[in-house]
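**Student:** My questions all concern the structure below.
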Amino acid sequence: MIWLTWRQFRSHALIAVALLVAVAVTLAVTGPPLRHLSRVAPTDETLFYAGATLVHLLPALIGAFWGAPLIARELETGTHRLAWNQGVTRTRWLAVKLAVVGSAAVAASGLLSLAVTWWAGPLDTVAGTAVPTTWWADVTVLPVGVEGPGLLPRVDPRLFGARGVAPIGYAAFAFMLGVAAGAVIRRTVPAMAVTLAVFALVQLAVPLAVRPHLLPAERRTAPITATNVRSFDPTVPRLTVAGPPGAWLLANDTLDARGRTVTALPAWTRECSPPPPTSGQPAPSRIGLPAVQACFAKLTDLGYRQRFAYHPLGSFWPLQWVETALFLALSALLAGFCLWWTRHRLP
């Protein structure tokens, strides 16, 4: 049964191996120079986000092209009647399929994530130590001796799922989701579409509603100064301040002297916004203007301060392990459902 499963699956496996080899060669050639990083080149940044995108996409493709057809294609073509009546029970047939193809799915996603995480290590270090400063220009200050654009820290929701062990959990879940969709819908193409749609919704919902609560968030209050303001909207007016380097900010609220959350600052705080630079006047000198300094001093005197909740960069690996365990548990539940459905609900 294992040999038969391999023969049916080998074309998919060879495609996955070819993809992994191509990515590994690319990363092996471009990765070593990053160990002596002195400048983040545009090509490095392109590869940084291209690798993350590929890691994000692979579990979805696995669910759609490996998981959804596993049962649905057998039902569509009618070959299930032959496969399940040759001395192999449908339960054993499905268990072997899930073990062989599921292991390949987890291995492919895990190896890709391992390669991309290794390659991006120096850039992740840079992103984790970058400090945002001059807020009107949204500039990021990198560590001494390193030049280049700002990069997302690896704990950021847009990058978190493309690093570490989390893609293993995503691949297992996407694969089992595809198998379950195929078993219930019994049509390959609709099952593939449902798998992609549901997996995309889960990938959007988890960072917004689940991941922030997997671990207790840290909380801090900070004074509002011209040098730590990250964004300022003079039309409301409203502002946010920069959190710790590399942290994932969950909340960034302005408090008044009584500790109440302020949705809109007094109108006079528009004076805190520096005027546009004039010819020959560099932008950083504008925060030293007397009107700007007086505005921020008044904010402090009136008791305004900023409160933010965040997951620090050090929470990356604990969040990775907890979220991976969550997705593996969901995968196990889906596997149990598929075995029960195949045994009791399919013809």
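Scheme for the structure tokens: letters A, B, ... for chains in order shown; per-chain residue numbers from 1; ligand numbers from 1 in order shown.
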Using only C-alpha atoms, which protein or nucleic acid residues come within 12 Å of A:Arg343? Drop anything in the same chain fewer than 2 positions from it, and give the result as an NGL selection string.
**Tutor:** :A and (84 or 89-95 or 183 or 336-341 or 345-347)
**Student:** Within stretch 208-254 of chain A, find each residue whose DSSP state, derived from the backbone, is strand (DSSP E or B), and express the selection as a PyMOL selection string.
**Tutor:** chain A and resi 218-223+229-233+238-241+248-254
**Student:** Could you name the residues that touch A:Leu111 at 12 Å or less, counting only C-alpha atoms, but leaving out those on the same chain fewer than 3 positions away, as JSON, numbers by chain?
**Tutor:** {"A": [16, 17, 19, 20, 21, 23, 24, 55, 58, 103, 104, 105, 106, 107, 108, 114, 115, 116, 117, 118, 162, 163, 164, 165, 166, 167, 168, 171]}
**Student:** What does the structure give for the distance between atom CA of A:Val322 and atom CA of A:Arg211, in Å to one decimal?
**Tutor:**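 If I compute the distance from atom CA of A:Val322 to atom CA of A:Arg211, I get 9.1 Å.
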**Student:** Have a look at A:Ile71, A:Leu82, A:Ala193, A:Val101 and name the one nearest to A:Arg10; count only C-alpha atoms.
**Tutor:**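 Checking each candidate against A:Arg10, we get A:Val101 as the closest.
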**Student:** As an exercise, work out the distance from atom CA of A:Ala335 to atom CA of A:Ala99 in Å and give it to one decimal place.
**Tutor:**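 The value is 10.1 Å.
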**Student:** Please return as a PyMOL selection string: the residues of stretch 98-241 of chain A that backbone DSSP assigns to helix (DSSP H, G or I).
**Tutor:** chain A and resi 98-119+121-129+157-160+166-185+188-213
**Student:** Which residue, A:Thr46, A:Ala180, A:Ala83, A:Gly63, has the smallest gap to A:Thr342 when you use only C-alpha atoms?
**Tutor:** A:Ala180
**Student:** When you count only C-alpha atoms, which of these residues is closest to A:Val194: A:Ala72, A:Ala64, A:Ala226, A:Leu302?
**Tutor:** A:Ala64
**Student:** Mind giving me the straight-line distance from atom CA of A:Gln306 to atom CA of A:Gln293 in Å, one decimal?
**Tutor:**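 According to the coordinates, atom CA of A:Gln306 and atom CA of A:Gln293 are separated by 17.4 Å.
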**Student:** Excluding A:Ala181 and residues on its chain fewer than 4 positions from it, collect all residues at most 8 Å away from it, counting only C-alpha atoms, and give them as a ChimeraX atom specification.
**Tutor:** /A:68,177,185-186,191-192,194-195
**Student:** With distances taken over only C-alpha atoms, which residue among A:Pro122, A:Gly243, A:Gly182, A:Gly161 lies nearest A:Glu45?
**Tutor:**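 Using only C-alpha atoms, A:Glu45 sits closest to A:Pro122.
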**Student:** Within 9 Å of A:Pro266, counting only C-alpha atoms, which residues show up once you throw out same-chain ones fewer than 3 positions away? Write them as a CSV table (one decimal) with N, CA and C atoms, in the first residue's frame, please.
**Tutor:**
```
chain,number,residue,atom,x,y,z
A,236,VAL,N,-6.9,65.2,12.9
A,236,VAL,CA,-7.8,64.7,13.9
A,236,VAL,C,-7.8,65.5,15.2
A,237,PRO,N,-6.6,65.9,15.9
A,237,PRO,CA,-5.3,65.3,15.7
A,237,PRO,C,-5.1,64.0,16.5
A,269,THR,N,-2.7,70.9,19.5
A,269,THR,CA,-1.5,70.0,19.3
A,269,THR,C,-1.1,70.0,17.8
A,270,ARG,N,-1.9,70.6,16.9
A,270,ARG,CA,-1.5,70.7,15.5
A,270,ARG,C,-0.1,71.5,15.4
```
**Student:** Compare A:Arg219, A:His311, A:Arg258, A:His344 by their minimum atom-to-atom distance to A:Gly246, counting only C-alpha atoms, and give me the closest one.
**Tutor:**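 Of the candidates, the smallest distance to A:Gly246 is held by A:His311.
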